[in-house]
Amino acid sequence: MSRRALIQIRRGLEINIGLLAEGELGYCTDSQKLYIGTSGGNVVLVAAQTAGDMLKSIYDTDNDGKVDAAVAADNVPWSGISNKTAASVTAAGIVQLNSTVTSTSTVQAATASAVKSAYDLASGKLSPRVTWNQLKGV
């Protein structure tokens, strides 16, 4: 036998919804969120959104523009990052810069100032009239 029941939902501005009783629904007319009351407080069931599949109200609860779980990644110390590798000519890794022009390192990258120093040194050794063949000894 069917039974008709009226379900009443508290509604209004989000700031005015207040603490809902357990199982009570609350619809925010300004933010278009639907809450349900629990023993731990109001929980968002549905939130209107215009794009994407993540609900800002769930993943960015402090409204700082970052996914809450990602905030911790902003403050990870270098020592807390695992599987770090040094730079090499065959694999990606951490690159250390070197500004000397006498280095023979195969795991460090030259800075722009080192490259310019080497260029200036080389160009100062040549006279303007030296040809490529003269340099090669041909």
# chains A, B, ... in the order shown; residues from 1 in each chain; ligands from 1
>>> residues_around(residues="Thr38 of chain A", least_positions_apart="2", cutoff="9 Å", atoms="only C-alpha atoms", output="list of chain:residue names")
A:Leu20, A:Ala21, A:Glu22, A:Gly23, A:Glu24, A:Ile36, A:Gly40, A:Gly41, A:Asn42, A:Val43
>>> select_by_dssp(residues="segment 7-135 of chain A", states="helix (DSSP H, G or I)", output="number ranges by chain")
A: 14-17, 56-59, 68-75, 78-80, 112-125, 132-135
>>> closest_atom_pairs(of="segment 20-132 of chain A", to="segment 1-16 of chain A", cutoff="7 Å", atoms="only C-alpha atoms", output="JSON lines")
{"residue": "A:Leu25", "atom": "CA", "partner": "A:Ile9", "partner_atom": "CA", "distance": 5.2}
{"residue": "A:Gly26", "atom": "CA", "partner": "A:Arg10", "partner_atom": "CA", "distance": 4.5}
{"residue": "A:Tyr27", "atom": "CA", "partner": "A:Arg11", "partner_atom": "CA", "distance": 4.6}
{"residue": "A:Cys28", "atom": "CA", "partner": "A:Glu14", "partner_atom": "CA", "distance": 4.8}
{"residue": "A:Thr29", "atom": "CA", "partner": "A:Gly12", "partner_atom": "CA", "distance": 5.3}
{"residue": "A:Asp30", "atom": "CA", "partner": "A:Leu13", "partner_atom": "CA", "distance": 5.5}
{"residue": "A:Ser31", "atom": "CA", "partner": "A:Glu14", "partner_atom": "CA", "distance": 6.7}
>>> closest_residue(among="A:Ser82, A:Asn75, A:Gln108, A:Ser127", to="Ile94 of chain A", atoms="only C-alpha atoms")
A:Gln108
>>> residues_around(residues="Ala118 of chain A", least_positions_apart="6", cutoff="10 Å", atoms="only C-alpha atoms", output="ChimeraX atom specification")
/A:100-102,112,124
